[in-house]
Amino acid sequence: MAVDALDTRILRLLIEQPRTSVREYARILGVARGTVQARIDRLERDGVITATGPVLSPAALGHPVLAFVHVEVTQGHLDEVGDALAAVPEIVEAFSITGGGDLLTRVVARDAGHLEDVIQRLIQLPGVVRTRTEIALRERVAHRLLPLVESMGRGAAERRPGGR
């Protein structure tokens with residue numbers, strides 16, 4: 001989906017000031033409230049905006065340990081294992097992957113012992129062959145999309161006839 005300069009500005013505001021009203025976004029941007037609302041609606045409809053709401057910190061919720069657990073699955077059991085992973089609350093994300101393993105999960109835990117308990121629970125799931133765990137030491141780049149959005153907005157401006 002093409003994101004133009006106004007979309008980029010709207011997305012920046014949504015990321016940086018998520019509790020601001022559409023009316024205030026319109027004032028800041030110098031465009032009509034209806035224009036901002038229509039753009040937000042289109043961005044949601046097109047799947048660019050996938051959720052609204054607070055971003056929670058697992059560490060602040062008492063789960064400061066972050067690990068990435070690779071899960072190797074018996075052939076033909078990927079869907080079953082994926083469904084079973086969804087029942088483990090400490091798994092905050094899971095992806096089918098290529099390379100070493102079939103699934104990559106992002107797991108949070110209270111401490112090393114709790115992480116071991118979660119991994120043991122995964123190993124016991126029918127269809128799981130083995131796991132490999134990597135513990136994150138420190139976050140170096142927080143989850144972010146604004147730089148990507150801004151680069152797309154710049155690219156769209158550069159592709160227009162006459163540049164900016």
# chains A, B, ... in the order shown; residues from 1 in each chain; ligands from 1
>>> residues_around(residues="Asp79 of chain A", least_positions_apart="3", cutoff="12 Å", atoms="only C-alpha atoms", output="PDB file with N, CA and C atoms, in the first residue's frame")
ATOM      1  N   VAL A  73       9.373 -29.207  14.975  1.00  0.00           N
ATOM      2  CA  VAL A  73       8.095 -29.916  15.003  1.00  0.00           C
ATOM      3  C   VAL A  73       8.144 -31.130  14.067  1.00  0.00           C
ATOM      4  N   THR A  74       7.502 -32.216  14.494  1.00  0.00           N
ATOM      5  CA  THR A  74       7.347 -33.389  13.641  1.00  0.00           C
ATOM      6  C   THR A  74       6.573 -32.991  12.390  1.00  0.00           C
ATOM      7  N   GLN A  75       7.016 -33.481  11.227  1.00  0.00           N
ATOM      8  CA  GLN A  75       6.339 -33.148   9.982  1.00  0.00           C
ATOM      9  C   GLN A  75       4.852 -33.433  10.078  1.00  0.00           C
ATOM     10  N   GLY A  76       4.066 -32.486   9.569  1.00  0.00           N
ATOM     11  CA  GLY A  76       2.619 -32.653   9.553  1.00  0.00           C
ATOM     12  C   GLY A  76       1.915 -32.187  10.814  1.00  0.00           C
ATOM     13  N   GLY A  82       1.229 -25.151  16.698  1.00  0.00           N
ATOM     14  CA  GLY A  82       0.928 -23.717  16.726  1.00  0.00           C
ATOM     15  C   GLY A  82      -0.285 -23.405  17.577  1.00  0.00           C
ATOM     16  N   ASP A  83      -1.329 -24.209  17.438  1.00  0.00           N
ATOM     17  CA  ASP A  83      -2.535 -24.027  18.256  1.00  0.00           C
ATOM     18  C   ASP A  83      -2.222 -24.239  19.736  1.00  0.00           C
ATOM     19  N   ALA A  84      -1.412 -25.245  20.047  1.00  0.00           N
ATOM     20  CA  ALA A  84      -1.056 -25.525  21.438  1.00  0.00           C
ATOM     21  C   ALA A  84      -0.229 -24.386  22.033  1.00  0.00           C
ATOM     22  N   LEU A  85       0.639 -23.774  21.228  1.00  0.00           N
ATOM     23  CA  LEU A  85       1.445 -22.646  21.719  1.00  0.00           C
ATOM     24  C   LEU A  85       0.558 -21.476  22.137  1.00  0.00           C
ATOM     25  N   ALA A  86      -0.536 -21.298  21.437  1.00  0.00           N
ATOM     26  CA  ALA A  86      -1.451 -20.195  21.760  1.00  0.00           C
ATOM     27  C   ALA A  86      -2.053 -20.344  23.155  1.00  0.00           C
ATOM     28  N   ALA A  94       4.579 -16.026  18.145  1.00  0.00           N
ATOM     29  CA  ALA A  94       5.117 -17.245  17.533  1.00  0.00           C
ATOM     30  C   ALA A  94       5.017 -17.106  16.022  1.00  0.00           C
ATOM     31  N   PHE A  95       6.065 -17.539  15.341  1.00  0.00           N
ATOM     32  CA  PHE A  95       6.148 -17.426  13.891  1.00  0.00           C
ATOM     33  C   PHE A  95       6.615 -18.742  13.288  1.00  0.00           C
ATOM     34  N   SER A  96       6.067 -19.106  12.129  1.00  0.00           N
ATOM     35  CA  SER A  96       6.640 -20.182  11.321  1.00  0.00           C
ATOM     36  C   SER A  96       7.872 -19.589  10.661  1.00  0.00           C
ATOM     37  N   ASP A 102      11.222 -24.975  13.174  1.00  0.00           N
ATOM     38  CA  ASP A 102      10.009 -24.730  12.403  1.00  0.00           C
ATOM     39  C   ASP A 102       9.245 -23.515  12.906  1.00  0.00           C
ATOM     40  N   LEU A 103       9.352 -23.270  14.209  1.00  0.00           N
ATOM     41  CA  LEU A 103       8.652 -22.150  14.833  1.00  0.00           C
ATOM     42  C   LEU A 103       9.634 -21.352  15.677  1.00  0.00           C
ATOM     43  N   PRO A 126       2.576 -32.620  22.189  1.00  0.00           N
ATOM     44  CA  PRO A 126       2.622 -33.610  21.105  1.00  0.00           C
ATOM     45  C   PRO A 126       3.054 -32.936  19.808  1.00  0.00           C
ATOM     46  N   GLY A 127       4.032 -33.547  19.142  1.00  0.00           N
ATOM     47  CA  GLY A 127       4.522 -33.006  17.881  1.00  0.00           C
ATOM     48  C   GLY A 127       5.795 -32.186  18.010  1.00  0.00           C
ATOM     49  N   VAL A 128       6.199 -31.838  19.238  1.00  0.00           N
ATOM     50  CA  VAL A 128       7.436 -31.088  19.427  1.00  0.00           C
ATOM     51  C   VAL A 128       8.588 -32.076  19.530  1.00  0.00           C
TER      52      VAL A 128
END
>>> closest_residue(among="A:Asp46, A:Leu6, A:Ile40, A:Arg138", to="Ile28 of chain A", atoms="only C-alpha atoms")
A:Leu6
>>> residues_around(residues="segment 148-155 of chain A", least_positions_apart="6", cutoff="6 Å", atoms="only C-alpha atoms", output="PDB file with N, CA, C and O atoms, in the first residue's frame")
ATOM      1  N   VAL A   3       1.958   4.842   0.983  1.00  0.00           N
ATOM      2  CA  VAL A   3       1.791   5.763   2.111  1.00  0.00           C
ATOM      3  C   VAL A   3       2.373   7.089   1.664  1.00  0.00           C
ATOM      4  O   VAL A   3       3.547   7.173   1.312  1.00  0.00           O
ATOM      5  N   ASP A   4       1.534   8.128   1.651  1.00  0.00           N
ATOM      6  CA  ASP A   4       2.033   9.423   1.213  1.00  0.00           C
ATOM      7  C   ASP A   4       2.482  10.262   2.409  1.00  0.00           C
ATOM      8  O   ASP A   4       2.467   9.795   3.557  1.00  0.00           O
ATOM      9  N   ALA A   5       2.868  11.497   2.147  1.00  0.00           N
ATOM     10  CA  ALA A   5       3.415  12.364   3.196  1.00  0.00           C
ATOM     11  C   ALA A   5       2.391  12.628   4.301  1.00  0.00           C
ATOM     12  O   ALA A   5       2.742  12.637   5.482  1.00  0.00           O
ATOM     13  N   THR A   8       2.037   9.588   6.445  1.00  0.00           N
ATOM     14  CA  THR A   8       3.226   9.485   7.301  1.00  0.00           C
ATOM     15  C   THR A   8       3.099  10.409   8.503  1.00  0.00           C
ATOM     16  O   THR A   8       3.388  10.006   9.633  1.00  0.00           O
TER      17      THR A   8
END
>>> atom_distance(atom1="atom CA of Val48 of chain A", atom2="atom CA of Leu14 of chain A")
12.1 Å
>>> select_by_dssp(residues="segment 19-128 of chain A", states="alpha helix (DSSP H)", output="ChimeraX atom specification")
/A:22-29,33-45,78-85,112-123
>>> atom_distance(atom1="atom CA of Pro89 of chain A", atom2="atom CA of Ile49 of chain A")
24.6 Å
>>> closest_atom_pairs(of="segment 102-142 of chain A", to="segment 61-71 of chain A", cutoff="6 Å", atoms="only C-alpha atoms", output="JSON lines")
{"residue": "A:Asp102", "atom": "CA", "partner": "A:Val71", "partner_atom": "CA", "distance": 5.9}
{"residue": "A:Leu103", "atom": "CA", "partner": "A:Val71", "partner_atom": "CA", "distance": 5.0}
{"residue": "A:Leu104", "atom": "CA", "partner": "A:His70", "partner_atom": "CA", "distance": 4.6}
{"residue": "A:Thr105", "atom": "CA", "partner": "A:Val69", "partner_atom": "CA", "distance": 5.1}
{"residue": "A:Arg106", "atom": "CA", "partner": "A:Phe68", "partner_atom": "CA", "distance": 4.7}
{"residue": "A:Val107", "atom": "CA", "partner": "A:Ala67", "partner_atom": "CA", "distance": 5.2}
{"residue": "A:Val108", "atom": "CA", "partner": "A:Leu66", "partner_atom": "CA", "distance": 4.7}
{"residue": "A:Ala109", "atom": "CA", "partner": "A:His63", "partner_atom": "CA", "distance": 4.6}
{"residue": "A:Arg110", "atom": "CA", "partner": "A:His63", "partner_atom": "CA", "distance": 4.1}
{"residue": "A:Asp111", "atom": "CA", "partner": "A:Val65", "partner_atom": "CA", "distance": 5.9}
{"residue": "A:Thr131", "atom": "CA", "partner": "A:Val71", "partner_atom": "CA", "distance": 4.6}
{"residue": "A:Arg132", "atom": "CA", "partner": "A:His70", "partner_atom": "CA", "distance": 5.0}
{"residue": "A:Thr133", "atom": "CA", "partner": "A:Val69", "partner_atom": "CA", "distance": 4.4}
{"residue": "A:Glu134", "atom": "CA", "partner": "A:Phe68", "partner_atom": "CA", "distance": 5.2}
{"residue": "A:Ile135", "atom": "CA", "partner": "A:Ala67", "partner_atom": "CA", "distance": 4.2}
{"residue": "A:Ala136", "atom": "CA", "partner": "A:Leu66", "partner_atom": "CA", "distance": 5.5}
>>> write_last_selection(atoms="C-alpha atoms", output="short mmCIF file (atom, residue, chain, number, x, y, z; two decimals), in the first residue's frame")
data_model
loop_
_atom_site.label_atom_id
_atom_site.label_comp_id
_atom_site.auth_asym_id
_atom_site.auth_seq_id
_atom_site.Cartn_x
_atom_site.Cartn_y
_atom_site.Cartn_z
CA ASP A 102 10.01 -24.73 12.40
CA LEU A 103 8.65 -22.15 14.83
CA LEU A 104 10.21 -19.20 16.61
CA THR A 105 8.51 -18.09 19.81
CA ARG A 106 9.05 -15.04 21.95
CA VAL A 107 8.68 -16.11 25.57
CA VAL A 108 8.58 -14.02 28.74
CA ALA A 109 9.19 -15.36 32.23
CA ARG A 110 9.52 -14.24 35.84
CA ASP A 111 13.01 -15.72 36.20
CA THR A 131 13.65 -26.75 21.38
CA ARG A 132 16.60 -24.37 21.36
CA THR A 133 16.53 -21.30 23.58
CA GLU A 134 18.30 -17.97 23.36
CA ILE A 135 17.92 -15.51 26.23
CA ALA A 136 17.89 -11.81 25.40
#
>>> decode(residues="segment 19-67 of chain A", atoms="N, CA and C atoms", output="short mmCIF file (atom, residue, chain, number, x, y, z; two decimals), in the first residue's frame")
data_model
loop_
_atom_site.label_atom_id
_atom_site.label_comp_id
_atom_site.auth_asym_id
_atom_site.auth_seq_id
_atom_site.Cartn_x
_atom_site.Cartn_y
_atom_site.Cartn_z
N ARG A 19 -2.98 9.20 22.55
CA ARG A 19 -4.19 9.56 23.30
C ARG A 19 -4.81 10.87 22.83
N THR A 20 -4.30 11.42 21.76
CA THR A 20 -4.81 12.68 21.24
C THR A 20 -6.03 12.42 20.37
N SER A 21 -6.95 13.38 20.32
CA SER A 21 -8.17 13.21 19.53
C SER A 21 -7.90 13.48 18.05
N VAL A 22 -8.79 12.98 17.21
CA VAL A 22 -8.69 13.23 15.77
C VAL A 22 -8.78 14.73 15.51
N ARG A 23 -9.62 15.41 16.25
CA ARG A 23 -9.76 16.86 16.10
C ARG A 23 -8.42 17.55 16.34
N GLU A 24 -7.69 17.12 17.37
CA GLU A 24 -6.40 17.72 17.68
C GLU A 24 -5.36 17.36 16.62
N TYR A 25 -5.39 16.12 16.12
CA TYR A 25 -4.49 15.74 15.03
C TYR A 25 -4.72 16.67 13.83
N ALA A 26 -5.99 16.91 13.51
CA ALA A 26 -6.33 17.77 12.37
C ALA A 26 -5.78 19.18 12.58
N ARG A 27 -5.91 19.69 13.80
CA ARG A 27 -5.40 21.03 14.10
C ARG A 27 -3.88 21.07 13.92
N ILE A 28 -3.19 20.07 14.46
CA ILE A 28 -1.73 20.01 14.36
C ILE A 28 -1.28 19.93 12.90
N LEU A 29 -2.00 19.13 12.11
CA LEU A 29 -1.63 18.91 10.71
C LEU A 29 -2.11 20.02 9.77
N GLY A 30 -3.07 20.80 10.25
CA GLY A 30 -3.61 21.87 9.41
C GLY A 30 -4.51 21.37 8.30
N VAL A 31 -5.23 20.28 8.57
CA VAL A 31 -6.18 19.73 7.60
C VAL A 31 -7.52 19.50 8.30
N ALA A 32 -8.55 19.24 7.51
CA ALA A 32 -9.89 19.02 8.08
C ALA A 32 -9.93 17.73 8.89
N ARG A 33 -10.75 17.76 9.95
CA ARG A 33 -10.91 16.58 10.80
C ARG A 33 -11.40 15.40 9.97
N GLY A 34 -12.33 15.65 9.05
CA GLY A 34 -12.85 14.59 8.19
C GLY A 34 -11.77 13.94 7.33
N THR A 35 -10.81 14.75 6.90
CA THR A 35 -9.70 14.22 6.10
C THR A 35 -8.85 13.28 6.95
N VAL A 36 -8.54 13.70 8.17
CA VAL A 36 -7.73 12.85 9.06
C VAL A 36 -8.48 11.56 9.37
N GLN A 37 -9.77 11.67 9.70
CA GLN A 37 -10.56 10.48 10.02
C GLN A 37 -10.64 9.54 8.82
N ALA A 38 -10.85 10.08 7.63
CA ALA A 38 -10.92 9.25 6.43
C ALA A 38 -9.59 8.53 6.19
N ARG A 39 -8.48 9.23 6.40
CA ARG A 39 -7.16 8.61 6.22
C ARG A 39 -6.95 7.49 7.24
N ILE A 40 -7.30 7.75 8.50
CA ILE A 40 -7.15 6.73 9.54
C ILE A 40 -8.02 5.51 9.21
N ASP A 41 -9.25 5.77 8.79
CA ASP A 41 -10.15 4.67 8.42
C ASP A 41 -9.56 3.84 7.28
N ARG A 42 -8.98 4.50 6.26
CA ARG A 42 -8.37 3.78 5.14
C ARG A 42 -7.16 2.98 5.60
N LEU A 43 -6.34 3.59 6.47
CA LEU A 43 -5.15 2.89 6.97
C LEU A 43 -5.55 1.66 7.78
N GLU A 44 -6.65 1.74 8.51
CA GLU A 44 -7.16 0.57 9.24
C GLU A 44 -7.71 -0.47 8.27
N ARG A 45 -8.51 -0.02 7.31
CA ARG A 45 -9.11 -0.93 6.33
C ARG A 45 -8.05 -1.66 5.51
N ASP A 46 -6.96 -0.95 5.17
CA ASP A 46 -5.88 -1.54 4.38
C ASP A 46 -4.92 -2.37 5.21
N GLY A 47 -5.13 -2.42 6.53
CA GLY A 47 -4.30 -3.25 7.39
C GLY A 47 -2.99 -2.61 7.82
N VAL A 48 -2.81 -1.32 7.53
CA VAL A 48 -1.60 -0.63 7.99
C VAL A 48 -1.67 -0.44 9.49
N ILE A 49 -2.80 0.03 9.98
CA ILE A 49 -3.04 0.14 11.42
C ILE A 49 -3.77 -1.13 11.82
N THR A 50 -3.12 -1.94 12.65
CA THR A 50 -3.70 -3.24 12.99
C THR A 50 -4.28 -3.30 14.39
N ALA A 51 -3.93 -2.33 15.22
CA ALA A 51 -4.45 -2.34 16.58
C ALA A 51 -4.34 -0.94 17.18
N THR A 52 -5.17 -0.71 18.14
CA THR A 52 -5.05 0.50 18.94
C THR A 52 -5.14 0.07 20.39
N GLY A 53 -4.49 0.79 21.24
CA GLY A 53 -4.52 0.43 22.64
C GLY A 53 -3.14 0.54 23.25
N PRO A 54 -3.04 0.27 24.51
CA PRO A 54 -1.75 0.43 25.18
C PRO A 54 -0.75 -0.66 24.77
N VAL A 55 0.51 -0.31 24.79
CA VAL A 55 1.59 -1.27 24.61
C VAL A 55 2.06 -1.61 26.02
N LEU A 56 2.01 -2.88 26.37
CA LEU A 56 2.32 -3.30 27.73
C LEU A 56 3.76 -3.79 27.84
N SER A 57 4.32 -3.64 29.03
CA SER A 57 5.67 -4.09 29.30
C SER A 57 5.61 -5.39 30.10
N PRO A 58 6.07 -6.50 29.51
CA PRO A 58 6.10 -7.76 30.27
C PRO A 58 6.97 -7.62 31.53
N ALA A 59 8.07 -6.87 31.45
CA ALA A 59 8.94 -6.69 32.62
C ALA A 59 8.18 -6.00 33.75
N ALA A 60 7.43 -4.97 33.42
CA ALA A 60 6.66 -4.26 34.45
C ALA A 60 5.54 -5.12 35.00
N LEU A 61 5.13 -6.12 34.22
CA LEU A 61 4.09 -7.06 34.68
C LEU A 61 4.70 -8.24 35.44
N GLY A 62 6.00 -8.15 35.76
CA GLY A 62 6.65 -9.18 36.56
C GLY A 62 7.31 -10.29 35.75
N HIS A 63 7.50 -10.07 34.45
CA HIS A 63 8.14 -11.06 33.57
C HIS A 63 9.32 -10.42 32.85
N PRO A 64 10.42 -10.16 33.56
CA PRO A 64 11.55 -9.45 32.96
C PRO A 64 12.45 -10.29 32.06
N VAL A 65 12.33 -11.61 32.12
CA VAL A 65 13.18 -12.47 31.30
C VAL A 65 12.53 -12.64 29.93
N LEU A 66 13.30 -12.37 28.88
CA LEU A 66 12.83 -12.53 27.50
C LEU A 66 13.71 -13.56 26.82
N ALA A 67 13.08 -14.53 26.20
CA ALA A 67 13.82 -15.57 25.48
C ALA A 67 13.16 -15.84 24.14
#
